[in-house]
$ cat final.cif   # mmCIF, C-alpha atoms
data_input
loop_
_atom_site.label_atom_id
_atom_site.label_comp_id
_atom_site.auth_asym_id
_atom_site.auth_seq_id
_atom_site.Cartn_x
_atom_site.Cartn_y
_atom_site.Cartn_z
CA MET A 789 145.94 80.41 124.26
CA ASN A 790 146.62 77.95 127.06
CA PHE A 791 144.85 74.60 126.94
CA GLU A 792 144.80 71.59 129.24
CA ASN A 793 143.60 68.89 126.85
CA ILE A 794 144.79 69.99 123.41
CA ILE A 795 147.92 71.37 121.75
CA VAL A 796 147.66 74.09 119.09
CA THR A 797 150.48 75.02 116.72
CA ILE A 798 150.70 77.27 113.66
CA GLU A 799 153.34 76.73 110.99
CA ASN A 800 153.52 77.67 107.30
CA GLY A 801 149.88 78.69 107.16
CA ILE A 802 148.65 75.46 108.79
CA GLY A 803 146.96 75.46 112.17
CA GLN A 804 147.27 72.06 113.84
CA ILE A 805 145.14 70.92 116.76
CA THR A 806 146.29 67.81 118.61
CA ILE A 807 143.93 66.26 121.15
CA ASN A 808 146.25 65.45 124.03
CA ARG A 809 144.63 62.97 126.41
CA PRO A 810 146.61 59.82 125.51
CA SER A 811 145.93 58.14 128.87
CA LYS A 812 142.21 58.33 127.99
CA LEU A 813 142.83 57.48 124.31
CA ASN A 814 142.02 61.15 123.63
CA ALA A 815 138.38 60.67 124.64
CA LEU A 816 136.15 63.73 124.37
CA ASN A 817 134.88 65.19 127.60
CA VAL A 818 132.96 68.44 128.06
CA ALA A 819 136.13 70.40 128.83
CA THR A 820 137.88 69.12 125.71
CA ILE A 821 134.89 69.96 123.52
CA GLN A 822 134.95 73.53 124.86
CA GLU A 823 138.71 73.81 124.30
CA LEU A 824 138.33 72.50 120.75
CA HIS A 825 135.64 75.08 120.06
CA ASN A 826 137.89 77.85 121.34
CA ALA A 827 140.83 76.59 119.28
CA PHE A 828 138.85 76.29 116.04
CA GLU A 829 137.32 79.72 116.60
CA SER A 830 140.75 81.24 117.17
CA LEU A 831 142.30 79.59 114.10
CA GLU A 832 139.32 80.57 111.95
CA SER A 833 139.87 84.24 112.82
CA ASN A 834 143.67 84.12 112.46
CA ALA A 835 144.66 85.60 109.09
CA GLU A 836 147.92 83.63 109.18
CA VAL A 837 146.07 80.30 109.10
CA ARG A 838 144.84 78.97 105.76
CA VAL A 839 144.12 75.30 106.59
CA ILE A 840 143.34 73.50 109.86
CA ILE A 841 144.43 69.93 110.66
CA ILE A 842 143.14 68.01 113.67
CA THR A 843 144.71 64.81 114.97
CA GLY A 844 145.24 62.84 118.15
CA GLU A 845 148.32 62.49 120.34
CA GLY A 846 150.15 59.16 120.22
CA GLU A 847 149.90 56.17 117.91
CA LYS A 848 146.76 54.50 119.29
CA ALA A 849 143.87 56.89 118.91
CA PHE A 850 142.53 59.90 117.10
CA VAL A 851 139.62 60.00 119.56
CA ALA A 852 138.40 56.72 121.05
CA GLY A 853 134.96 58.14 121.87
CA ALA A 854 133.23 60.31 124.41
CA ASP A 855 134.06 60.19 128.12
CA ILE A 856 131.23 57.89 129.22
CA SER A 857 131.80 58.55 132.92
CA GLU A 858 130.53 62.10 132.44
CA PHE A 859 127.03 61.15 131.31
CA SER A 860 126.33 57.62 132.57
CA ASN A 861 123.78 58.95 135.10
CA PHE A 862 122.14 61.61 132.91
CA SER A 863 118.38 62.05 132.64
CA ILE A 864 116.49 62.31 129.32
CA GLU A 865 116.66 66.10 129.44
CA GLU A 866 120.35 66.13 130.33
CA GLY A 867 121.15 63.71 127.51
CA ALA A 868 119.36 65.84 124.94
CA GLN A 869 121.10 68.95 126.22
CA LEU A 870 124.50 67.21 126.03
CA ALA A 871 123.93 66.38 122.34
CA ALA A 872 122.56 69.83 121.49
CA GLN A 873 125.40 71.70 123.17
CA GLY A 874 128.07 69.44 121.68
CA GLN A 875 126.70 69.78 118.17
CA GLU A 876 126.47 73.56 118.44
CA LEU A 877 129.86 74.08 120.10
CA LEU A 878 131.94 71.69 118.03
CA PHE A 879 130.50 69.36 115.40
CA ASP A 880 128.22 71.74 113.47
CA PHE A 881 130.71 74.54 114.15
CA VAL A 882 133.56 72.62 112.50
CA GLU A 883 131.44 71.57 109.52
CA ASN A 884 130.60 75.21 108.77
CA LEU A 885 134.07 76.71 109.17
CA ARG A 886 135.17 78.79 106.18
CA LYS A 887 138.69 77.39 106.36
CA PRO A 888 139.37 73.87 105.10
CA THR A 889 139.57 71.47 108.03
CA ILE A 890 141.17 68.05 107.62
CA ALA A 891 141.01 65.17 110.10
CA ALA A 892 144.28 63.21 110.24
CA VAL A 893 142.92 60.00 111.77
CA ASN A 894 145.90 58.38 113.48
CA GLY A 895 144.25 55.39 115.19
CA PHE A 896 140.91 54.59 116.78
CA ALA A 897 138.12 56.99 115.77
CA LEU A 898 135.09 55.70 117.61
CA GLY A 899 131.80 57.28 118.62
CA GLY A 900 132.34 60.98 119.15
CA GLY A 901 135.79 60.61 117.60
CA LEU A 902 134.41 59.42 114.29
CA GLU A 903 131.68 62.06 114.54
CA LEU A 904 134.38 64.72 114.94
CA ALA A 905 136.31 63.36 111.96
CA MET A 906 133.11 63.33 109.88
CA ALA A 907 132.39 66.95 110.80
CA CYS A 908 135.72 67.92 109.19
CA HIS A 909 135.67 68.70 105.49
CA PHE A 910 137.52 65.48 104.67
CA ARG A 911 139.59 62.76 106.31
CA ILE A 912 142.97 61.08 105.83
CA ALA A 913 143.68 57.90 107.81
CA SER A 914 146.76 56.03 108.93
CA ASP A 915 146.86 52.39 107.93
CA ASN A 916 146.27 51.26 111.53
CA ALA A 917 143.10 53.35 111.98
CA LYS A 918 139.85 51.73 113.07
CA MET A 919 136.51 53.53 112.80
CA GLY A 920 133.06 52.88 114.16
CA LEU A 921 129.97 54.14 115.98
CA PRO A 922 129.50 51.69 118.89
CA GLU A 923 126.87 53.71 120.78
CA VAL A 924 124.03 51.17 120.48
CA SER A 925 126.17 48.71 122.46
CA LEU A 926 125.81 51.18 125.35
CA GLY A 927 122.07 51.60 124.93
CA VAL A 928 122.22 55.00 123.20
CA ILE A 929 122.60 56.26 119.63
CA PRO A 930 125.23 58.53 118.08
CA GLY A 931 124.38 61.99 119.40
CA TYR A 932 126.94 64.26 117.79
CA GLY A 933 125.68 64.02 114.21
CA GLY A 934 126.67 60.43 113.47
CA THR A 935 123.26 59.27 112.26
CA GLN A 936 123.21 62.16 109.79
CA ARG A 937 126.77 62.48 108.49
CA LEU A 938 127.64 58.79 108.14
CA PRO A 939 124.82 58.08 105.61
CA GLN A 940 125.80 61.21 103.70
CA LEU A 941 129.35 59.92 103.35
CA ILE A 942 128.92 56.17 102.78
CA GLY A 943 125.24 55.67 101.93
CA LYS A 944 122.21 54.66 103.95
CA GLY A 945 122.64 50.88 103.86
CA ARG A 946 126.28 50.83 104.94
CA ALA A 947 125.58 53.40 107.64
CA MET A 948 122.66 51.36 108.94
CA GLU A 949 124.88 48.29 109.20
CA MET A 950 127.75 50.12 110.92
CA ILE A 951 125.48 51.76 113.47
CA MET A 952 123.29 48.72 114.19
CA THR A 953 126.18 46.25 114.53
CA ALA A 954 128.29 48.75 116.55
CA GLY A 955 131.25 47.29 114.67
CA MET A 956 134.54 48.79 113.60
CA ILE A 957 135.93 48.99 110.08
CA SER A 958 139.56 49.18 109.00
CA ALA A 959 141.17 52.14 107.28
CA GLU A 960 141.07 50.27 103.95
CA GLU A 961 137.37 49.48 104.39
CA ALA A 962 136.76 53.15 105.24
CA PHE A 963 138.60 54.16 102.07
CA ARG A 964 136.58 51.80 99.89
CA ALA A 965 133.35 53.11 101.44
CA GLY A 966 134.31 56.75 100.83
CA LEU A 967 134.62 57.60 104.52
CA VAL A 968 138.27 58.62 104.14
CA ASN A 969 140.05 60.11 101.12
CA HIS A 970 143.45 58.48 101.58
CA VAL A 971 145.17 55.81 103.67
CA VAL A 972 148.88 56.17 104.38
CA PRO A 973 151.43 54.64 106.79
CA GLN A 974 151.11 56.17 110.23
CA ALA A 975 154.63 57.62 110.12
CA GLU A 976 153.68 59.55 106.97
CA LEU A 977 150.22 60.71 108.04
CA LEU A 978 150.93 64.28 109.10
CA ASP A 979 153.41 65.00 106.30
CA PHE A 980 150.96 63.64 103.73
CA THR A 981 148.12 65.69 105.21
CA LYS A 982 150.26 68.82 105.21
CA GLY A 983 151.06 68.12 101.56
CA ILE A 984 147.34 68.18 100.75
CA ALA A 985 147.03 71.37 102.79
CA ALA A 986 149.84 72.96 100.75
CA LYS A 987 147.93 72.21 97.53
CA ILE A 988 144.81 73.82 99.01
CA MET A 989 146.76 76.92 100.01
CA ARG A 990 147.70 77.64 96.39
CA ASN A 991 144.08 78.58 95.73
CA SER A 992 141.79 81.45 96.68
CA PRO A 993 140.82 81.37 100.39
CA TYR A 994 137.69 83.36 99.63
CA ALA A 995 136.57 80.98 96.88
CA ILE A 996 137.31 77.93 99.04
CA GLY A 997 135.21 79.33 101.87
CA ARG A 998 132.31 79.93 99.49
CA ALA A 999 132.68 76.44 98.00
CA ILE A 1000 132.46 74.90 101.48
CA LYS A 1001 129.28 76.87 102.12
CA CYS A 1002 127.71 75.72 98.85
CA ILE A 1003 128.63 72.06 99.27
CA ASN A 1004 127.18 72.03 102.80
CA ALA A 1005 123.99 73.68 101.53
CA ASN A 1006 123.15 70.55 99.54
CA TYR A 1007 122.76 68.62 102.80
CA LYS A 1008 120.61 71.12 104.66
CA GLU A 1009 116.86 70.73 104.62
CA GLY A 1010 114.96 73.66 103.16
CA ILE A 1011 117.98 75.12 101.38
CA ASN A 1012 118.36 75.02 97.61
CA GLY A 1013 122.00 74.20 96.97
CA PHE A 1014 121.89 75.35 93.35
CA GLU A 1015 120.57 78.77 94.35
CA THR A 1016 123.26 78.99 97.03
CA GLU A 1017 125.87 78.17 94.41
CA ILE A 1018 124.60 80.80 91.96
CA ARG A 1019 124.54 83.47 94.66
CA ASN A 1020 128.06 82.70 95.91
CA PHE A 1021 129.44 82.33 92.39
CA GLY A 1022 128.30 85.89 91.77
CA LYS A 1023 129.86 87.16 94.99
CA CYS A 1024 133.25 85.87 93.87
CA PHE A 1025 133.25 88.34 90.98
CA GLY A 1026 133.50 91.26 93.39
CA THR A 1027 136.66 90.04 95.13
CA GLU A 1028 140.33 90.85 94.85
CA ASP A 1029 141.00 87.11 94.62
CA PHE A 1030 138.92 86.86 91.43
CA LYS A 1031 140.75 89.79 89.86
CA GLU A 1032 144.11 88.35 90.87
CA GLY A 1033 143.27 84.81 89.75
CA THR A 1034 142.01 85.77 86.31
CA THR A 1035 144.79 88.31 85.75
CA ALA A 1036 147.46 85.79 86.77
CA PHE A 1037 145.95 83.20 84.43
CA LEU A 1038 145.98 85.60 81.48
CA GLU A 1039 149.50 86.75 82.33
CA LYS A 1040 150.67 83.12 82.70
CA ARG A 1041 151.98 83.59 86.24
CA LYS A 1042 151.23 82.17 89.68
CA ALA A 1043 148.41 83.93 91.48
CA GLU A 1044 149.01 85.48 94.89
CA PHE A 1045 145.71 85.32 96.74
CA LYS A 1046 144.85 87.39 99.82
CA GLY A 1047 141.46 85.96 100.67
CA LYS A 1048 139.57 89.17 99.90
#
$ encode --input "final.cif" --output "C-alpha cells"
Amino acid sequence: MNFENIIVTIENGIGQITINRPSKLNALNVATIQELHNAFESLESNAEVRVIIITGEGEKAFVAGADISEFSNFSIEEGAQLAAQGQELLFDFVENLRKPTIAAVNGFALGGGLELAMACHFRIASDNAKMGLPEVSLGVIPGYGGTQRLPQLIGKGRAMEMIMTAGMISAEEAFRAGLVNHVVPQAELLDFTKGIAAKIMRNSPYAIGRAIKCINANYKEGINGFETEIRNFGKCFGTEDFKEGTTAFLEKRKAEFKGK
C-alpha cells in the first residue's frame, strides 16, 4: 500500500509503522489517522505479521499531538464527531487488535500522540521521551480516549494531576508510574522493542489474541471479565495451537505454532 504520511515495513514477522511527518513533529491529522487505520487493518489481516510496532520518524517525536489547525474553528457538533470518528478509526481499533501492538515512543508523545501510545497494548520509551496530555491548555480535553486510558494505566490521582496541569513527564517518571514498560537509550529503542516482539512470537498467536480480548474486557462497562476469560480459555482447547503446545511440552521440544 502507498501512503503519504506513514511508512510500513514487514520483516521477520514484525510489521512496523513509522509516522513520517517530521516537519510537523509527526502530528496526527485526519489523513494520517485514516492511513494508520488502513495500515493496522492490513497488518492485522496479513498472516506473515505476528507483532506490530509503531514509532515516529526522527529523534524528536513519536507524535507531538494532533494537528490543531484542522479543528481550531470547529463547532460543538464537529468537535464531537472528530473525537468519535478518531476513536472508532484508530484508538479503539488499535486497542482491540488481535495482534500484539507495541508503541516504541522515540520522543515527544503529547496529546493524541500519548493517546495513540496508550491505545497500544504496551509501550517502550527512549530515554529522551516526554509524555503529557496538554489539551486543557488549549481549552479542550483529551478526546481520543486519554481521560479513560490514562487513569487505567497510572491511577486516578496521577491522571487527574497530569491532565489538569497539562504538564509533561519524563520517560523515567512514566516508567515509575507504570505508563511505559521499559526505558532504553534512543539508539537501542527499536532493537530492544523487536527483541520483546521476538519473545512474543515464540508463543501461540491464537492464545495471545484471546488473552488481549480478555484483558480488555476487564475495562469495559457491562462486561464480566472473568466470564470472558472462562469462555476464551475453553475456546483454546479446540485449536491446533493448543494441541501443538501441549504435545511439544510433553515431548520436550519447541512448539511450532500456526495461530489456528
$ closest_atom_pairs --input "final.cif" --of "stretch 817-935 of chain A" --to "stretch 792-798 of chain A" --cutoff "8 Å" --atoms "all atoms listed in the file" --output "Markdown table"
| residue | atom | partner | partner_atom | distance |
| --- | --- | --- | --- | --- |
| A:Ala819 | CA | A:Asn793 | CA | 7.9 |
| A:Thr820 | CA | A:Asn793 | CA | 5.8 |
| A:Glu823 | CA | A:Ile794 | CA | 7.2 |
| A:Leu824 | CA | A:Ile794 | CA | 7.4 |
| A:Ala827 | CA | A:Val796 | CA | 7.3 |
| A:Val837 | CA | A:Ile798 | CA | 7.2 |
$ resolve_selection --input "final.cif" --expression "the PyMOL selection byres ((chain A and resi 925) around 12)" --output "list of chain:residue names"
A:Gly899, A:Gly920, A:Leu921, A:Pro922, A:Glu923, A:Val924, A:Leu926, A:Gly927, A:Val928, A:Ile929, A:Pro930, A:Met950, A:Ile951, A:Met952, A:Thr953, A:Ala954, A:Gly955
$ residues_around --input "final.cif" --residues "stretch 887-895 of chain A" --least-positions-apart "2" --cutoff "7 Å" --atoms "all atoms listed in the file" --output "number ranges by chain"
A: 832, 838-844, 847-850, 885, 897, 905, 908-914, 916-918, 974, 977-978, 981, 997
$ write_last_selection --input "final.cif" --atoms "C-alpha atoms" --output "PDB file, in the frame of the given file"
ATOM      1  CA  GLU A 832     139.320  80.570 111.950  1.00  0.00           C
ATOM      2  CA  ARG A 838     144.840  78.970 105.760  1.00  0.00           C
ATOM      3  CA  VAL A 839     144.120  75.300 106.590  1.00  0.00           C
ATOM      4  CA  ILE A 840     143.340  73.500 109.860  1.00  0.00           C
ATOM      5  CA  ILE A 841     144.430  69.930 110.660  1.00  0.00           C
ATOM      6  CA  ILE A 842     143.140  68.010 113.670  1.00  0.00           C
ATOM      7  CA  THR A 843     144.710  64.810 114.970  1.00  0.00           C
ATOM      8  CA  GLY A 844     145.240  62.840 118.150  1.00  0.00           C
ATOM      9  CA  GLU A 847     149.900  56.170 117.910  1.00  0.00           C
ATOM     10  CA  LYS A 848     146.760  54.500 119.290  1.00  0.00           C
ATOM     11  CA  ALA A 849     143.870  56.890 118.910  1.00  0.00           C
ATOM     12  CA  PHE A 850     142.530  59.900 117.100  1.00  0.00           C
ATOM     13  CA  LEU A 885     134.070  76.710 109.170  1.00  0.00           C
ATOM     14  CA  ALA A 897     138.120  56.990 115.770  1.00  0.00           C
ATOM     15  CA  ALA A 905     136.310  63.360 111.960  1.00  0.00           C
ATOM     16  CA  CYS A 908     135.720  67.920 109.190  1.00  0.00           C
ATOM     17  CA  HIS A 909     135.670  68.700 105.490  1.00  0.00           C
ATOM     18  CA  PHE A 910     137.520  65.480 104.670  1.00  0.00           C
ATOM     19  CA  ARG A 911     139.590  62.760 106.310  1.00  0.00           C
ATOM     20  CA  ILE A 912     142.970  61.080 105.830  1.00  0.00           C
ATOM     21  CA  ALA A 913     143.680  57.900 107.810  1.00  0.00           C
ATOM     22  CA  SER A 914     146.760  56.030 108.930  1.00  0.00           C
ATOM     23  CA  ASN A 916     146.270  51.260 111.530  1.00  0.00           C
ATOM     24  CA  ALA A 917     143.100  53.350 111.980  1.00  0.00           C
ATOM     25  CA  LYS A 918     139.850  51.730 113.070  1.00  0.00           C
ATOM     26  CA  GLN A 974     151.110  56.170 110.230  1.00  0.00           C
ATOM     27  CA  LEU A 977     150.220  60.710 108.040  1.00  0.00           C
ATOM     28  CA  LEU A 978     150.930  64.280 109.100  1.00  0.00           C
ATOM     29  CA  THR A 981     148.120  65.690 105.210  1.00  0.00           C
ATOM     30  CA  GLY A 997     135.210  79.330 101.870  1.00  0.00           C
TER      31      GLY A 997
END
$ axis_aligned_box --input "final.cif" --around "stretch 949-964 of chain A" --padding-each-side "5 Å" --output "JSON"
{"center_x": 132.2, "center_y": 50.2, "center_z": 108.2, "size_x": 27.9, "size_y": 17.9, "size_z": 26.7}
$ closest_residue --input "final.cif" --among "A:Ala995, A:Ala854, A:Ala907, A:Ala835" --to "A:Lys812" --atoms "all atoms listed in the file"
A:Ala854
$ atom_distance --input "final.cif" --atom1 "atom CA of A:Phe1021" --atom2 "atom CA of A:Cys1002"
9.4 Å
$ closest_residue --input "final.cif" --among "A:Leu877, A:Ala1036, A:Ile821, A:Leu831" --to "A:Gln804" --atoms "all atoms listed in the file"
A:Leu831
$ closest_residue --input "final.cif" --among "A:Asn826, A:Asn790, A:Asn817, A:Thr1027" --to "A:Ile856" --atoms "all atoms listed in the file"
A:Asn817
$ closest_residue --input "final.cif" --among "A:Ile805, A:Cys1024, A:Val818, A:Ile1003" --to "A:Glu883" --atoms "all atoms listed in the file"
A:Ile1003
$ resolve_selection --input "final.cif" --expression "the PyMOL selection byres ((chain A and resi 1033) around 9)" --output "MDAnalysis selection string"
chainID A and resid 991:992 1028:1032 1034:1038 1042:1045
$ residues_around --input "final.cif" --residues "stretch 1014-1019 of chain A" --least-positions-apart "2" --cutoff "9 Å" --atoms "all atoms listed in the file" --output "PDB file with C-alpha atoms, in the frame of the given file"
ATOM      1  CA  ARG A 998     132.310  79.930  99.490  1.00  0.00           C
ATOM      2  CA  ALA A 999     132.680  76.440  98.000  1.00  0.00           C
ATOM      3  CA  LYS A1001     129.280  76.870 102.120  1.00  0.00           C
ATOM      4  CA  CYS A1002     127.710  75.720  98.850  1.00  0.00           C
ATOM      5  CA  ILE A1003     128.630  72.060  99.270  1.00  0.00           C
ATOM      6  CA  ALA A1005     123.990  73.680 101.530  1.00  0.00           C
ATOM      7  CA  ASN A1006     123.150  70.550  99.540  1.00  0.00           C
ATOM      8  CA  ILE A1011     117.980  75.120 101.380  1.00  0.00           C
ATOM      9  CA  ASN A1012     118.360  75.020  97.610  1.00  0.00           C
ATOM     10  CA  PHE A1021     129.440  82.330  92.390  1.00  0.00           C
ATOM     11  CA  GLY A1022     128.300  85.890  91.770  1.00  0.00           C
ATOM     12  CA  LYS A1023     129.860  87.160  94.990  1.00  0.00           C
TER      13      LYS A1023
END
$ atom_distance --input "final.cif" --atom1 "atom CA of A:Ile942" --atom2 "atom CA of A:Ala868"
26.0 Å
$ closest_residue --input "final.cif" --among "A:Leu941, A:His825, A:Gly1047, A:Glu976" --to "A:Phe963" --atoms "only C-alpha atoms"
A:Leu941
$ closest_residue --input "final.cif" --among "A:Asn834, A:Asn1020, A:Ser857, A:Asn969" --to "A:Leu816" --atoms "only C-alpha atoms"
A:Ser857
$ atom_distance --input "final.cif" --atom1 "atom CA of A:Ala871" --atom2 "atom CA of A:Gly900"
10.5 Å
$ decode --input "final.cif" --residues "stretch 957-984 of chain A" --atoms "N, CA and C atoms" --output "PDB file, in the first residue's frame"
ATOM      1  N   ILE A 957       5.778  14.626  31.579  1.00  0.00           N
ATOM      2  CA  ILE A 957       6.622  13.826  32.457  1.00  0.00           C
ATOM      3  C   ILE A 957       7.733  13.185  31.625  1.00  0.00           C
ATOM      4  N   SER A 958       8.836  12.884  32.285  1.00  0.00           N
ATOM      5  CA  SER A 958       9.972  12.251  31.606  1.00  0.00           C
ATOM      6  C   SER A 958       9.720  10.765  31.406  1.00  0.00           C
ATOM      7  N   ALA A 959      10.577  10.146  30.627  1.00  0.00           N
ATOM      8  CA  ALA A 959      10.470   8.704  30.408  1.00  0.00           C
ATOM      9  C   ALA A 959      10.612   7.944  31.722  1.00  0.00           C
ATOM     10  N   GLU A 960      11.542   8.382  32.584  1.00  0.00           N
ATOM     11  CA  GLU A 960      11.742   7.700  33.872  1.00  0.00           C
ATOM     12  C   GLU A 960      10.519   7.853  34.766  1.00  0.00           C
ATOM     13  N   GLU A 961       9.916   9.052  34.767  1.00  0.00           N
ATOM     14  CA  GLU A 961       8.695   9.249  35.549  1.00  0.00           C
ATOM     15  C   GLU A 961       7.570   8.368  35.003  1.00  0.00           C
ATOM     16  N   ALA A 962       7.486   8.260  33.676  1.00  0.00           N
ATOM     17  CA  ALA A 962       6.470   7.415  33.051  1.00  0.00           C
ATOM     18  C   ALA A 962       6.677   5.953  33.428  1.00  0.00           C
ATOM     19  N   PHE A 963       7.938   5.536  33.507  1.00  0.00           N
ATOM     20  CA  PHE A 963       8.243   4.165  33.912  1.00  0.00           C
ATOM     21  C   PHE A 963       7.825   3.913  35.355  1.00  0.00           C
ATOM     22  N   ARG A 964       8.147   4.843  36.234  1.00  0.00           N
ATOM     23  CA  ARG A 964       7.799   4.667  37.648  1.00  0.00           C
ATOM     24  C   ARG A 964       6.280   4.658  37.858  1.00  0.00           C
ATOM     25  N   ALA A 965       5.568   5.381  37.006  1.00  0.00           N
ATOM     26  CA  ALA A 965       4.107   5.442  37.121  1.00  0.00           C
ATOM     27  C   ALA A 965       3.418   4.251  36.473  1.00  0.00           C
ATOM     28  N   GLY A 966       4.155   3.456  35.701  1.00  0.00           N
ATOM     29  CA  GLY A 966       3.554   2.312  35.014  1.00  0.00           C
ATOM     30  C   GLY A 966       3.004   2.642  33.636  1.00  0.00           C
ATOM     31  N   LEU A 967       3.328   3.830  33.138  1.00  0.00           N
ATOM     32  CA  LEU A 967       2.831   4.227  31.818  1.00  0.00           C
ATOM     33  C   LEU A 967       3.620   3.551  30.706  1.00  0.00           C
ATOM     34  N   VAL A 968       4.908   3.311  30.938  1.00  0.00           N
ATOM     35  CA  VAL A 968       5.731   2.568  29.982  1.00  0.00           C
ATOM     36  C   VAL A 968       6.362   1.377  30.693  1.00  0.00           C
ATOM     37  N   ASN A 969       6.661   0.337  29.917  1.00  0.00           N
ATOM     38  CA  ASN A 969       7.218  -0.899  30.487  1.00  0.00           C
ATOM     39  C   ASN A 969       8.728  -0.857  30.634  1.00  0.00           C
ATOM     40  N   HIS A 970       9.392  -0.149  29.731  1.00  0.00           N
ATOM     41  CA  HIS A 970      10.856  -0.093  29.726  1.00  0.00           C
ATOM     42  C   HIS A 970      11.295   1.279  29.230  1.00  0.00           C
ATOM     43  N   VAL A 971      12.485   1.698  29.665  1.00  0.00           N
ATOM     44  CA  VAL A 971      13.138   2.896  29.134  1.00  0.00           C
ATOM     45  C   VAL A 971      14.539   2.487  28.694  1.00  0.00           C
ATOM     46  N   VAL A 972      14.878   2.814  27.452  1.00  0.00           N
ATOM     47  CA  VAL A 972      16.172   2.436  26.900  1.00  0.00           C
ATOM     48  C   VAL A 972      16.763   3.618  26.138  1.00  0.00           C
ATOM     49  N   PRO A 973      18.083   3.626  25.902  1.00  0.00           N
ATOM     50  CA  PRO A 973      18.671   4.688  25.080  1.00  0.00           C
ATOM     51  C   PRO A 973      18.010   4.729  23.706  1.00  0.00           C
ATOM     52  N   GLN A 974      17.881   5.943  23.168  1.00  0.00           N
ATOM     53  CA  GLN A 974      17.154   6.077  21.911  1.00  0.00           C
ATOM     54  C   GLN A 974      17.745   5.210  20.797  1.00  0.00           C
ATOM     55  N   ALA A 975      19.063   5.126  20.741  1.00  0.00           N
ATOM     56  CA  ALA A 975      19.707   4.335  19.691  1.00  0.00           C
ATOM     57  C   ALA A 975      19.358   2.857  19.777  1.00  0.00           C
ATOM     58  N   GLU A 976      18.918   2.402  20.945  1.00  0.00           N
ATOM     59  CA  GLU A 976      18.606   0.985  21.143  1.00  0.00           C
ATOM     60  C   GLU A 976      17.111   0.694  21.119  1.00  0.00           C
ATOM     61  N   LEU A 977      16.287   1.734  20.950  1.00  0.00           N
ATOM     62  CA  LEU A 977      14.847   1.582  21.133  1.00  0.00           C
ATOM     63  C   LEU A 977      14.236   0.532  20.216  1.00  0.00           C
ATOM     64  N   LEU A 978      14.467   0.631  18.931  1.00  0.00           N
ATOM     65  CA  LEU A 978      13.811  -0.297  18.005  1.00  0.00           C
ATOM     66  C   LEU A 978      14.345  -1.712  18.155  1.00  0.00           C
ATOM     67  N   ASP A 979      15.653  -1.865  18.330  1.00  0.00           N
ATOM     68  CA  ASP A 979      16.210  -3.209  18.516  1.00  0.00           C
ATOM     69  C   ASP A 979      15.663  -3.848  19.784  1.00  0.00           C
ATOM     70  N   PHE A 980      15.575  -3.060  20.862  1.00  0.00           N
ATOM     71  CA  PHE A 980      15.030  -3.588  22.116  1.00  0.00           C
ATOM     72  C   PHE A 980      13.574  -3.999  21.933  1.00  0.00           C
ATOM     73  N   THR A 981      12.802  -3.153  21.266  1.00  0.00           N
ATOM     74  CA  THR A 981      11.384  -3.445  21.045  1.00  0.00           C
ATOM     75  C   THR A 981      11.219  -4.690  20.187  1.00  0.00           C
ATOM     76  N   LYS A 982      12.057  -4.835  19.175  1.00  0.00           N
ATOM     77  CA  LYS A 982      11.992  -6.028  18.328  1.00  0.00           C
ATOM     78  C   LYS A 982      12.394  -7.277  19.114  1.00  0.00           C
ATOM     79  N   GLY A 983      13.274  -7.107  20.097  1.00  0.00           N
ATOM     80  CA  GLY A 983      13.630  -8.232  20.956  1.00  0.00           C
ATOM     81  C   GLY A 983      12.441  -8.705  21.776  1.00  0.00           C
ATOM     82  N   ILE A 984      11.659  -7.765  22.302  1.00  0.00           N
ATOM     83  CA  ILE A 984      10.429  -8.126  23.015  1.00  0.00           C
ATOM     84  C   ILE A 984       9.461  -8.817  22.058  1.00  0.00           C
TER      85      ILE A 984
END
